[in-house]
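Below: one structure, written as structure tokens.
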Amino acid sequence: MKKIIITLMFLVATPVYAQTAPYGQSNEVQQPTTDPSVSITISPIHLVLPAFEVTAELKVAPKIGIAGVIGFGTITVEDDYGDENTFKFYELGAQFRYYAIGSFKSGLHFGVETTYIHVSGEIDDVQGVGTGLAIGGFVGYKHTFSFGLVLEGQIGYQVVAYNAHASDDNGNSDSASDSKGSILLNLNIGYSF
């Protein structure tokens, strides 16, 4: 009888001791943390134009992200006579990002970006359309806070090839095209999940 009691006490006590954390450690079950796989950000700088640009980035591997960029709005410029002219624009772009240090959640990344831009407007009965294609490389950093807020910045160099066409109601028209290099700069804020 004593043998059964000792065995039962041992069997009851063993699971209790097995579930007790060693000294100084918590007995709480730790939930695995998962890094976000999607980031949605906007460009606050574009809001000044006023325009809206949003970037959606998807993690395709632990250190690789691809992003789509869409933007639209208006741009107001002053001509040589002091008159303000407003043009409508939209842009479509894509990015490839490699996180050299860190991960999709927070880290230093290198990448390439290509963007198509379309601008149209009218000045004194002359209609104009301009299109451009920009391709460039960049280095950037993204940080995602524990509650999902994302801050990111990218700087690089891009080549922009563009052409413009203008015509009036009398059938007159003119075209021009050019290409040049410029700074690529993106400063975004958003949310990751």
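Identifiers in this document derive from the order of the structure tokens: chains are assigned A, B, ..., residues are numbered from 1 separately in each chain, and ligands are numbered from 1 in order of occurrence.
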
Practice item. From the DSSP assignment of the backbone, select every residue of chain A that is helix (DSSP H, G or I), and format the answer as a list in words. Key: Lys2, Lys3, Ile4, Ile5, Ile6, Thr7, Leu8, Met9, Phe10, Leu11, Val12, Ala13, Thr14, Pro15, Val16, Tyr17, Ala18, Pro44, Ile45, His46, Leu47 and Val48 of chain A

Review point. Near stretch 128-134 of chain A, within 10 Å and counting only C-alpha atoms, which residues show up once chain neighbours fewer than 3 positions away are dropped, as a count of residues only?
Key: 42

Exercise for review: Considering only C-alpha atoms, return as JSON, numbers by chain whatever protein or nucleic-acid residues lie within 6 Å of A:Gly137, sequence-local ones (same chain, fewer than 5 positions apart) excluded.
Suggested key: {"A": [111, 112, 156, 157]}

Exercise for review: Using only C-alpha atoms, determine which residues lie at most 7 Å from stretch 96-110 of chain A, disregarding the query and same-chain residues fewer than 2 positions distant; provide the list as JSON, numbers by chain.
Suggested key: {"A": [35, 36, 59, 62, 63, 64, 65, 66, 67, 112, 113, 138, 139, 140, 141, 142, 143, 144]}

For those residues, write C-alpha atoms to a file as a short mmCIF file (atom, residue, chain, number, x, y, z; two decimals), in the first residue's frame.
data_model
loop_
_atom_site.label_atom_id
_atom_site.label_comp_id
_atom_site.auth_asym_id
_atom_site.auth_seq_id
_atom_site.Cartn_x
_atom_site.Cartn_y
_atom_site.Cartn_z
CA ASP A 35 7.24 39.77 -38.66
CA PRO A 36 4.83 41.72 -40.83
CA LYS A 59 7.58 40.44 -48.35
CA PRO A 62 12.86 36.99 -45.47
CA LYS A 63 15.17 39.64 -47.00
CA ILE A 64 13.31 40.53 -50.22
CA GLY A 65 10.38 42.85 -50.81
CA ILE A 66 8.57 44.03 -53.92
CA ALA A 67 6.49 47.17 -53.97
CA VAL A 112 15.82 49.58 -57.86
CA GLU A 113 12.79 51.64 -58.80
CA PHE A 138 18.63 53.57 -54.06
CA VAL A 139 19.69 52.81 -50.52
CA GLY A 140 17.14 53.10 -47.75
CA TYR A 141 16.14 52.26 -44.22
CA LYS A 142 12.77 51.11 -42.90
CA HIS A 143 11.76 50.84 -39.25
CA THR A 144 8.55 49.23 -38.04
#
